[in-house]
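Coordinates as given in query_31.txt (compact mmCIF, C-alpha atoms):
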# COMPACT_ATOMS: atom_id res chain seq x y z
CA MET B 25 63.56 6.92 165.76
CA GLY B 26 60.25 5.06 165.61
CA ARG B 27 58.34 8.07 164.38
CA GLU B 28 60.97 8.84 161.73
CA ILE B 29 60.45 5.33 160.33
CA PHE B 30 56.67 4.99 160.51
CA GLU B 31 55.20 8.47 160.01
CA PRO B 32 56.16 8.79 156.30
CA ILE B 33 54.52 5.39 155.67
CA TYR B 34 51.32 6.22 157.53
CA ARG B 35 51.08 9.68 156.00
CA GLU B 36 51.01 8.01 152.59
CA LEU B 37 48.69 5.10 153.43
CA LEU B 38 46.25 6.45 156.04
CA PRO B 39 43.86 9.16 154.78
CA PHE B 40 43.00 10.25 158.32
CA TRP B 41 46.62 10.76 159.40
CA GLY B 42 46.70 14.53 158.93
CA GLY B 43 43.58 14.95 161.08
CA LEU B 44 45.03 13.18 164.13
CA SER B 45 46.35 15.07 167.10
CA GLU B 46 50.09 15.22 167.64
CA ALA B 47 49.70 12.95 170.67
CA ASP B 48 47.79 10.29 168.71
CA ARG B 49 50.32 10.30 165.86
CA GLU B 50 53.09 9.85 168.39
CA TYR B 51 51.13 7.08 170.15
CA ILE B 52 50.53 5.09 166.95
CA CYS B 53 54.16 5.35 165.87
CA ALA B 54 55.36 4.32 169.33
CA SER B 55 52.96 1.35 169.17
CA SER B 56 54.24 0.18 165.77
CA ALA B 57 56.83 -2.44 164.91
CA ALA B 58 58.76 -3.24 161.74
CA LEU B 59 58.65 -7.03 161.41
CA THR B 60 60.21 -9.43 158.92
CA TYR B 61 58.57 -12.79 158.24
CA PRO B 62 60.48 -15.54 156.40
CA LYS B 63 58.68 -17.51 153.71
CA GLY B 64 56.35 -20.05 155.30
CA ALA B 65 56.12 -18.26 158.66
CA HIS B 66 52.80 -18.01 160.49
CA VAL B 67 51.94 -14.32 160.81
CA HIS B 68 48.54 -14.55 162.49
CA GLU B 69 46.78 -17.40 164.27
CA GLY B 70 43.01 -17.53 164.51
CA SER B 71 41.32 -15.02 166.78
CA ASP B 72 44.53 -13.42 168.13
CA CYS B 73 44.66 -9.62 167.91
CA SER B 74 47.95 -9.38 166.02
CA GLY B 75 47.36 -5.77 165.01
CA VAL B 76 46.86 -3.84 161.79
CA ILE B 77 49.33 -5.15 159.21
CA PHE B 78 50.80 -3.12 156.34
CA VAL B 79 52.82 -5.07 153.77
CA ARG B 80 55.96 -3.25 152.65
CA SER B 81 57.44 -6.09 150.58
CA GLY B 82 56.68 -9.74 149.89
CA CYS B 83 53.28 -11.43 150.01
CA LEU B 84 50.98 -12.67 152.77
CA ARG B 85 48.14 -15.18 152.33
CA LEU B 86 44.97 -14.89 154.42
CA TYR B 87 42.88 -18.05 154.69
CA ILE B 88 40.38 -20.02 156.75
CA MET B 89 40.79 -23.63 157.88
CA SER B 90 38.11 -26.32 158.20
CA GLU B 91 38.00 -28.84 161.04
CA GLU B 92 39.19 -31.47 158.54
CA GLY B 93 42.29 -29.42 157.80
CA ARG B 94 41.25 -28.05 154.40
CA ASP B 95 42.12 -24.42 153.86
CA ILE B 96 40.57 -21.85 151.54
CA THR B 97 42.51 -18.78 150.46
CA LEU B 98 40.43 -15.63 150.95
CA TYR B 99 42.91 -13.18 149.45
CA ARG B 100 46.57 -12.26 149.30
CA LEU B 101 48.25 -9.10 150.53
CA HIS B 102 50.89 -7.45 148.35
CA PRO B 103 53.11 -4.37 148.92
CA GLY B 104 50.94 -1.39 149.83
CA ASP B 105 48.07 -3.56 151.11
CA MET B 106 46.83 -3.59 154.69
CA CYS B 107 44.77 -6.05 156.71
CA MET B 108 42.21 -5.22 159.38
CA LEU B 109 41.00 -8.80 159.88
CA THR B 110 44.13 -9.56 161.91
CA ALA B 111 43.00 -6.99 164.49
CA SER B 112 39.84 -8.51 165.95
CA CYS B 113 40.10 -6.23 168.98
CA VAL B 114 39.57 -3.20 166.72
CA LEU B 115 36.36 -4.38 165.05
CA ASP B 116 33.86 -6.21 167.28
CA ALA B 117 32.05 -7.49 164.18
CA ILE B 118 34.97 -9.80 163.31
CA THR B 119 33.75 -13.05 164.84
CA PHE B 120 35.46 -15.70 162.69
CA ASP B 121 39.02 -16.96 162.79
CA VAL B 122 41.41 -16.20 159.96
CA LEU B 123 45.01 -17.28 159.54
CA VAL B 124 47.85 -15.50 157.76
CA ASP B 125 51.07 -17.01 156.40
CA ALA B 126 54.01 -15.42 154.62
CA GLU B 127 54.05 -16.69 151.02
CA GLU B 128 57.37 -14.92 150.43
CA ASN B 129 59.97 -13.28 152.63
CA SER B 130 57.96 -10.27 153.75
CA GLU B 131 58.59 -6.97 155.51
CA CYS B 132 55.63 -5.46 157.34
CA CYS B 133 54.68 -2.59 159.60
CA VAL B 134 52.29 -3.63 162.37
CA ILE B 135 50.29 -1.23 164.54
CA SER B 136 49.31 -2.69 167.90
CA GLY B 137 45.62 -3.64 167.91
CA PRO B 138 44.85 -2.06 171.31
CA ALA B 139 46.60 1.18 170.28
CA PHE B 140 44.71 1.42 166.98
CA SER B 141 41.47 0.60 168.80
CA ALA B 142 42.06 3.30 171.41
CA VAL B 143 42.65 5.96 168.76
CA SER B 144 39.63 4.81 166.75
CA GLU B 145 37.40 5.29 169.81
CA ARG B 146 38.55 8.92 170.02
CA GLU B 147 38.55 9.65 166.31
CA PRO B 148 35.47 8.69 164.22
CA ALA B 149 37.51 9.02 160.99
CA VAL B 150 39.76 6.18 162.13
CA LYS B 151 36.80 3.94 162.97
CA ILE B 152 35.16 4.69 159.60
CA PHE B 153 38.41 3.89 157.77
CA ALA B 154 38.75 0.59 159.62
CA LEU B 155 35.16 -0.40 158.77
CA GLU B 156 35.49 0.60 155.11
CA THR B 157 38.72 -1.35 154.78
CA ALA B 158 37.18 -4.46 156.33
CA VAL B 159 34.07 -4.18 154.13
CA SER B 160 36.17 -3.93 150.97
CA ARG B 161 37.95 -7.15 151.94
CA PHE B 162 34.66 -8.89 152.67
CA SER B 163 33.74 -8.16 149.06
CA ASP B 164 36.86 -10.10 148.05
CA VAL B 165 35.85 -12.94 150.36
CA MET B 166 32.35 -13.10 148.88
CA TRP B 167 33.83 -13.23 145.36
CA VAL B 168 35.94 -16.23 146.39
CA MET B 169 32.94 -17.99 147.89
CA GLN B 170 30.85 -17.27 144.80
CA GLN B 171 33.51 -18.90 142.61
CA ILE B 172 33.76 -21.98 144.83
CA LEU B 173 30.00 -22.47 145.14
CA PHE B 174 28.72 -21.53 141.70
CA MET B 175 31.49 -21.70 139.08
CA GLY B 176 33.01 -24.64 137.24
CA ILE B 177 36.69 -25.40 137.71
CA ASP B 178 37.49 -24.36 134.12
CA LYS B 179 36.15 -20.83 134.63
CA ARG B 180 37.72 -20.52 138.08
CA LEU B 181 41.12 -21.56 136.76
CA ALA B 182 40.81 -19.18 133.80
CA ILE B 183 39.97 -16.31 136.19
CA PHE B 184 42.92 -17.16 138.43
CA LEU B 185 45.44 -17.35 135.58
CA HIS B 186 44.11 -14.19 133.96
CA ASP B 187 44.26 -12.23 137.23
CA GLU B 188 47.83 -13.41 137.85
CA VAL B 189 49.18 -12.39 134.43
CA VAL B 190 47.46 -8.99 134.76
CA ARG B 191 48.82 -8.48 138.29
CA THR B 192 52.39 -9.49 137.51
CA GLY B 193 52.60 -8.26 133.92
CA SER B 194 54.07 -11.60 132.88
CA ASP B 195 52.57 -14.42 130.83
CA THR B 196 54.21 -16.94 133.17
CA VAL B 197 52.48 -17.80 136.44
CA ALA B 198 55.40 -19.05 138.53
CA LEU B 199 53.37 -21.28 140.84
CA THR B 200 53.15 -25.02 141.31
CA HIS B 201 49.91 -26.93 140.72
CA GLU B 202 49.63 -27.37 144.48
CA GLN B 203 49.98 -23.63 145.11
CA ILE B 204 47.38 -22.79 142.46
CA ALA B 205 45.00 -25.35 143.98
CA LYS B 206 45.55 -23.85 147.43
CA TYR B 207 44.77 -20.34 146.20
CA MET B 208 41.65 -21.61 144.42
CA GLY B 209 40.38 -23.77 147.28
CA SER B 210 40.53 -26.88 145.10
CA ALA B 211 42.45 -30.16 144.94
CA ARG B 212 45.82 -30.41 143.19
CA GLU B 213 44.65 -33.34 141.07
CA VAL B 214 41.67 -31.34 139.80
CA VAL B 215 43.84 -28.36 138.90
CA SER B 216 46.43 -30.57 137.19
CA ARG B 217 43.72 -32.24 135.13
CA MET B 218 42.28 -28.92 133.99
CA LEU B 219 45.73 -27.50 133.19
CA LYS B 220 46.37 -30.56 131.05
CA TYR B 221 43.13 -29.83 129.20
CA PHE B 222 44.06 -26.14 128.79
CA SER B 223 47.44 -27.23 127.46
CA ALA B 224 45.85 -29.60 124.91
CA GLU B 225 43.64 -26.71 123.77
CA GLY B 226 46.66 -24.45 123.25
CA LEU B 227 45.70 -22.02 126.02
CA VAL B 228 48.72 -22.62 128.25
CA GLU B 229 52.06 -24.36 128.38
CA VAL B 230 52.86 -26.27 131.55
CA SER B 231 56.44 -26.67 132.76
CA ARG B 232 58.44 -27.02 135.96
CA GLY B 233 58.74 -23.24 136.09
CA GLY B 234 54.99 -22.77 136.26
CA VAL B 235 52.25 -22.12 133.73
CA ARG B 236 52.75 -19.91 130.68
CA VAL B 237 49.64 -18.39 129.17
CA LEU B 238 49.77 -18.69 125.38
CA ASP B 239 46.44 -17.16 124.40
CA ARG B 240 45.11 -14.40 126.67
CA ALA B 241 42.19 -13.61 124.38
CA ARG B 242 40.80 -17.14 124.51
CA LEU B 243 41.40 -17.28 128.24
CA ARG B 244 39.33 -14.12 128.68
CA ARG B 245 36.52 -15.62 126.60
CA LEU B 246 36.32 -18.49 129.09
CA ILE B 247 35.72 -15.97 131.85
CA LEU B 248 32.84 -14.16 130.13
Could you show the structure in this file as structure tokens?
Amino acid sequence: MGREIFEPIYRELLPFWGGLSEADREYICASSAALTYPKGAHVHEGSDCSGVIFVRSGCLRLYIMSEEGRDITLYRLHPGDMCMLTASCVLDAITFDVLVDAEENSECCVISGPAFSAVSEREPAVKIFALETAVSRFSDVMWVMQQILFMGIDKRLAIFLHDEVVRTGSDTVALTHEQIAKYMGSAREVVSRMLKYFSAEGLVEVSRGGVRVLDRARLRRLIL
């Protein structure tokens, strides 16, 4: 039953799947679990080896936490995305703690970290895939850090709103000011102040339902 559930998913998402031995395909499927996380649930804590996570539905948020309790969102995982940073036992180079929460009710497939690690030691293609996936996410992390360190809040907010309307296909970003601030690594008061300015300039309309972008073209010009 486990293989019937997981193999079609892995055949679609894992480029090395067809090159694995029958025994390794069976081993990975037997070491997989289909898990459901309610909104707000903690999915991964710090340096735990929770395994390789594939998002089937919903949304997960990966972030880091300072000693003072401030968190910075590194990226979000949407359906079809996978995360290697939750499997520190697979990649020895992962030496910092990340946390993952469910932003929405989410359904995931999780491959046991030790099982994935064992197969990667036998199959170079698996190890290469794991490294390439982690590197691509580190590029996302560096982009976030670049925004926080070198960009003004107006440009950062414009980038965030633009990326959201492109991703969702809707002019309405259905997030609270606090959620937007959390994703941007900023303070709610700062985001609210800038949204008020954007609203006065006719770029957005702010309501209880979120933020509606009124002028995409002008928003893009802020990004350039």
Best match for closeness to B:Ile183 among B:Val214, B:Met208, B:Cys113, B:Ala58, counting all atoms listed in the file: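 Nearest candidate to B:Ile183 out of B:Val214, B:Met208, B:Cys113, B:Ala58: B:Met208.
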Protein/DNA/RNA residues near (38.1, 9.0, 163.9), cut 12 Å, all atoms listed in the file, as a CSV table (one decimal) with C-alpha atoms, in the coordinates of the input:
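Okay, out11.csv is ready:
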chain,number,residue,atom,x,y,z
B,38,LEU,CA,46.2,6.4,156.0
B,39,PRO,CA,43.9,9.2,154.8
B,40,PHE,CA,43.0,10.2,158.3
B,41,TRP,CA,46.6,10.8,159.4
B,42,GLY,CA,46.7,14.5,158.9
B,43,GLY,CA,43.6,15.0,161.1
B,44,LEU,CA,45.0,13.2,164.1
B,45,SER,CA,46.4,15.1,167.1
B,48,ASP,CA,47.8,10.3,168.7
B,140,PHE,CA,44.7,1.4,167.0
B,141,SER,CA,41.5,0.6,168.8
B,142,ALA,CA,42.1,3.3,171.4
B,143,VAL,CA,42.6,6.0,168.8
B,144,SER,CA,39.6,4.8,166.8
B,145,GLU,CA,37.4,5.3,169.8
B,146,ARG,CA,38.6,8.9,170.0
B,147,GLU,CA,38.6,9.6,166.3
B,148,PRO,CA,35.5,8.7,164.2
B,149,ALA,CA,37.5,9.0,161.0
B,150,VAL,CA,39.8,6.2,162.1
B,151,LYS,CA,36.8,3.9,163.0
B,152,ILE,CA,35.2,4.7,159.6
B,153,PHE,CA,38.4,3.9,157.8
B,154,ALA,CA,38.8,0.6,159.6
B,155,LEU,CA,35.2,-0.4,158.8
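When atom CA of B:Ala241 is paired with atom CA of B:Glu225, their separation reads 13.2 Å.
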Enumerate, in order of chain and increasing residue number, the residues of stretch 38-136 of chain B with an atom no farther than 12 Å from stretch 188-199 of chain B, each with its shortest atom pair and distance in Å to one decimal, counting all atoms listed in the file, as JSON lines.
{"residue": "B:Arg100", "atom": "CA", "partner": "B:Glu188", "partner_atom": "CA", "distance": 11.6}
{"residue": "B:His102", "atom": "CA", "partner": "B:Arg191", "partner_atom": "CA", "distance": 10.3}
{"residue": "B:Glu127", "atom": "CA", "partner": "B:Leu199", "partner_atom": "CA", "distance": 11.2}
Go ahead and write the selection's residues with C-alpha atoms as a compact mmCIF listing (two decimals), in the frame of the given file.
# COMPACT_ATOMS: atom_id res chain seq x y z
CA ARG B 100 46.57 -12.26 149.30
CA HIS B 102 50.89 -7.45 148.35
CA GLU B 127 54.05 -16.69 151.02
Counting all atoms listed in the file, the residue of B:Leu86, B:Val67, B:Leu109, B:Leu227 that sits nearest B:Ser160: B:Leu109
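Minimum atom-to-atom distance to B:Lys220, evaluated using all atoms listed in the file, belongs to B:Val235 out of B:Met108, B:Val79, B:Ala65, B:Val235.
Distance-wise, atom CA of B:Pro103 and atom CA of B:Leu123 end up 18.6 Å apart.
Closest approach to B:Leu101 among B:Arg240, B:Arg161, B:Arg245, B:Arg49: B:Arg161, based on all atoms listed in the file.
Considering all atoms listed in the file, the residue among B:Ile52, B:Leu181, B:Ile172, B:Ala47 positioned nearest to B:Phe30 is B:Ile52.
Proximity ranking of B:Glu202, B:Glu229, B:Glu28, B:Asp72 relative to B:Val114 places B:Asp72 first, based on all atoms listed in the file.
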Nearby residues (only C-alpha atoms) at most 9 Å from B:Thr200, same-chain spacing under 5 positions excluded, as a list in words: Ala205, Arg232, Gly233, Gly234 and Val235 of chain B
Only C-alpha atoms, please: the residues just picked out, written as a short mmCIF file (atom, residue, chain, number, x, y, z; two decimals), in the coordinates of the input.
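Saved the output as part_18.cif:
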data_model
loop_
_atom_site.label_atom_id
_atom_site.label_comp_id
_atom_site.auth_asym_id
_atom_site.auth_seq_id
_atom_site.Cartn_x
_atom_site.Cartn_y
_atom_site.Cartn_z
CA ALA B 205 45.00 -25.35 143.98
CA ARG B 232 58.44 -27.02 135.96
CA GLY B 233 58.74 -23.24 136.09
CA GLY B 234 54.99 -22.77 136.26
CA VAL B 235 52.25 -22.12 133.73
#
Spatial neighbours of B:Lys63, max dist 10 Å, all atoms listed in the file, sep filter under 2 positions, as a PyMOL selection string: chain B and resi 60-61+65-66+82-84+125-130
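Here atom CA of B:Ala111 stands at a distance of 25.3 Å from atom CA of B:Gln170.
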Any chance you could work out the axis-aligned box around stretch 209-225 of chain B, listed atoms only, 8 Å on each side, giving centre and edge lengths in Å to one decimal, as AutoDock Vina command-line options?
--center_x 43.9 --center_y -28.6 --center_z 135.5 --size_x 23.1 --size_y 25.6 --size_z 39.5
Just add N, CA and C atoms to stretch 51-85 of chain B and send it as a PDB file, in the frame of the given file.
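The file below, rebuild-v8.pdb, is the result:
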ATOM      1  N   TYR B  51      51.554   8.330 169.510  1.00  0.00           N
ATOM      2  CA  TYR B  51      51.130   7.080 170.150  1.00  0.00           C
ATOM      3  C   TYR B  51      51.124   5.926 169.150  1.00  0.00           C
ATOM      4  N   ILE B  52      50.573   6.153 167.953  1.00  0.00           N
ATOM      5  CA  ILE B  52      50.530   5.090 166.950  1.00  0.00           C
ATOM      6  C   ILE B  52      51.925   4.694 166.505  1.00  0.00           C
ATOM      7  N   CYS B  53      52.783   5.672 166.286  1.00  0.00           N
ATOM      8  CA  CYS B  53      54.160   5.350 165.870  1.00  0.00           C
ATOM      9  C   CYS B  53      54.905   4.592 166.958  1.00  0.00           C
ATOM     10  N   ALA B  54      54.697   5.003 168.218  1.00  0.00           N
ATOM     11  CA  ALA B  54      55.360   4.320 169.330  1.00  0.00           C
ATOM     12  C   ALA B  54      54.815   2.910 169.520  1.00  0.00           C
ATOM     13  N   SER B  55      53.587   2.665 169.034  1.00  0.00           N
ATOM     14  CA  SER B  55      52.960   1.350 169.170  1.00  0.00           C
ATOM     15  C   SER B  55      53.099   0.509 167.907  1.00  0.00           C
ATOM     16  N   SER B  56      54.023   0.889 167.035  1.00  0.00           N
ATOM     17  CA  SER B  56      54.240   0.180 165.770  1.00  0.00           C
ATOM     18  C   SER B  56      55.547  -0.599 165.822  1.00  0.00           C
ATOM     19  N   ALA B  57      55.617  -1.626 165.010  1.00  0.00           N
ATOM     20  CA  ALA B  57      56.830  -2.440 164.910  1.00  0.00           C
ATOM     21  C   ALA B  57      57.082  -2.776 163.443  1.00  0.00           C
ATOM     22  N   ALA B  58      58.351  -2.795 163.074  1.00  0.00           N
ATOM     23  CA  ALA B  58      58.760  -3.240 161.740  1.00  0.00           C
ATOM     24  C   ALA B  58      59.174  -4.704 161.871  1.00  0.00           C
ATOM     25  N   LEU B  59      58.424  -5.598 161.252  1.00  0.00           N
ATOM     26  CA  LEU B  59      58.650  -7.030 161.410  1.00  0.00           C
ATOM     27  C   LEU B  59      58.977  -7.673 160.068  1.00  0.00           C
ATOM     28  N   THR B  60      59.850  -8.660 160.107  1.00  0.00           N
ATOM     29  CA  THR B  60      60.210  -9.430 158.920  1.00  0.00           C
ATOM     30  C   THR B  60      59.787 -10.874 159.128  1.00  0.00           C
ATOM     31  N   TYR B  61      59.054 -11.415 158.157  1.00  0.00           N
ATOM     32  CA  TYR B  61      58.570 -12.790 158.240  1.00  0.00           C
ATOM     33  C   TYR B  61      59.221 -13.606 157.117  1.00  0.00           C
ATOM     34  N   PRO B  62      59.919 -14.681 157.453  1.00  0.00           N
ATOM     35  CA  PRO B  62      60.480 -15.540 156.400  1.00  0.00           C
ATOM     36  C   PRO B  62      59.380 -16.310 155.686  1.00  0.00           C
ATOM     37  N   LYS B  63      59.653 -16.735 154.480  1.00  0.00           N
ATOM     38  CA  LYS B  63      58.680 -17.510 153.710  1.00  0.00           C
ATOM     39  C   LYS B  63      58.226 -18.725 154.507  1.00  0.00           C
ATOM     40  N   GLY B  64      56.915 -18.922 154.574  1.00  0.00           N
ATOM     41  CA  GLY B  64      56.350 -20.050 155.300  1.00  0.00           C
ATOM     42  C   GLY B  64      56.002 -19.756 156.744  1.00  0.00           C
ATOM     43  N   ALA B  65      56.379 -18.590 157.250  1.00  0.00           N
ATOM     44  CA  ALA B  65      56.120 -18.260 158.660  1.00  0.00           C
ATOM     45  C   ALA B  65      54.638 -17.991 158.894  1.00  0.00           C
ATOM     46  N   HIS B  66      54.158 -18.346 160.084  1.00  0.00           N
ATOM     47  CA  HIS B  66      52.800 -18.010 160.490  1.00  0.00           C
ATOM     48  C   HIS B  66      52.811 -16.579 161.024  1.00  0.00           C
ATOM     49  N   VAL B  67      52.002 -15.734 160.436  1.00  0.00           N
ATOM     50  CA  VAL B  67      51.940 -14.320 160.810  1.00  0.00           C
ATOM     51  C   VAL B  67      50.827 -14.072 161.821  1.00  0.00           C
ATOM     52  N   HIS B  68      49.715 -14.778 161.631  1.00  0.00           N
ATOM     53  CA  HIS B  68      48.540 -14.550 162.490  1.00  0.00           C
ATOM     54  C   HIS B  68      47.821 -15.868 162.694  1.00  0.00           C
ATOM     55  N   GLU B  69      47.451 -16.141 163.930  1.00  0.00           N
ATOM     56  CA  GLU B  69      46.780 -17.400 164.270  1.00  0.00           C
ATOM     57  C   GLU B  69      45.376 -17.129 164.793  1.00  0.00           C
ATOM     58  N   GLY B  70      44.383 -17.531 164.034  1.00  0.00           N
ATOM     59  CA  GLY B  70      43.010 -17.530 164.510  1.00  0.00           C
ATOM     60  C   GLY B  70      42.502 -16.205 165.019  1.00  0.00           C
ATOM     61  N   SER B  71      41.992 -16.196 166.234  1.00  0.00           N
ATOM     62  CA  SER B  71      41.320 -15.020 166.780  1.00  0.00           C
ATOM     63  C   SER B  71      42.271 -14.082 167.531  1.00  0.00           C
ATOM     64  N   ASP B  72      43.583 -14.315 167.467  1.00  0.00           N
ATOM     65  CA  ASP B  72      44.530 -13.420 168.130  1.00  0.00           C
ATOM     66  C   ASP B  72      44.391 -12.004 167.569  1.00  0.00           C
ATOM     67  N   CYS B  73      44.666 -11.010 168.384  1.00  0.00           N
ATOM     68  CA  CYS B  73      44.660  -9.620 167.910  1.00  0.00           C
ATOM     69  C   CYS B  73      46.106  -9.241 167.598  1.00  0.00           C
ATOM     70  N   SER B  74      46.550  -9.603 166.402  1.00  0.00           N
ATOM     71  CA  SER B  74      47.950  -9.380 166.020  1.00  0.00           C
ATOM     72  C   SER B  74      48.229  -7.926 165.658  1.00  0.00           C
ATOM     73  N   GLY B  75      47.178  -7.165 165.382  1.00  0.00           N
ATOM     74  CA  GLY B  75      47.360  -5.770 165.010  1.00  0.00           C
ATOM     75  C   GLY B  75      47.019  -5.512 163.559  1.00  0.00           C
ATOM     76  N   VAL B  76      47.133  -4.255 163.164  1.00  0.00           N
ATOM     77  CA  VAL B  76      46.860  -3.840 161.790  1.00  0.00           C
ATOM     78  C   VAL B  76      48.155  -3.980 160.998  1.00  0.00           C
ATOM     79  N   ILE B  77      48.125  -4.799 159.954  1.00  0.00           N
ATOM     80  CA  ILE B  77      49.330  -5.150 159.210  1.00  0.00           C
ATOM     81  C   ILE B  77      49.390  -4.403 157.892  1.00  0.00           C
ATOM     82  N   PHE B  78      50.518  -3.746 157.631  1.00  0.00           N
ATOM     83  CA  PHE B  78      50.800  -3.120 156.340  1.00  0.00           C
ATOM     84  C   PHE B  78      51.951  -3.885 155.695  1.00  0.00           C
ATOM     85  N   VAL B  79      51.764  -4.331 154.469  1.00  0.00           N
ATOM     86  CA  VAL B  79      52.820  -5.070 153.770  1.00  0.00           C
ATOM     87  C   VAL B  79      53.707  -4.079 153.032  1.00  0.00           C
ATOM     88  N   ARG B  80      54.990  -4.116 153.329  1.00  0.00           N
ATOM     89  CA  ARG B  80      55.960  -3.250 152.650  1.00  0.00           C
ATOM     90  C   ARG B  80      56.634  -3.979 151.492  1.00  0.00           C
ATOM     91  N   SER B  81      56.889  -5.277 151.660  1.00  0.00           N
ATOM     92  CA  SER B  81      57.440  -6.090 150.580  1.00  0.00           C
ATOM     93  C   SER B  81      57.036  -7.535 150.818  1.00  0.00           C
ATOM     94  N   GLY B  82      57.047  -8.340 149.751  1.00  0.00           N
ATOM     95  CA  GLY B  82      56.680  -9.740 149.890  1.00  0.00           C
ATOM     96  C   GLY B  82      55.207  -9.979 149.638  1.00  0.00           C
ATOM     97  N   CYS B  83      54.678 -11.043 150.225  1.00  0.00           N
ATOM     98  CA  CYS B  83      53.280 -11.430 150.010  1.00  0.00           C
ATOM     99  C   CYS B  83      52.794 -12.254 151.193  1.00  0.00           C
ATOM    100  N   LEU B  84      51.617 -11.911 151.699  1.00  0.00           N
ATOM    101  CA  LEU B  84      50.980 -12.670 152.770  1.00  0.00           C
ATOM    102  C   LEU B  84      49.703 -13.300 152.225  1.00  0.00           C
ATOM    103  N   ARG B  85      49.375 -14.487 152.730  1.00  0.00           N
ATOM    104  CA  ARG B  85      48.140 -15.180 152.330  1.00  0.00           C
ATOM    105  C   ARG B  85      47.209 -15.275 153.529  1.00  0.00           C
TER     106      ARG B  85
END
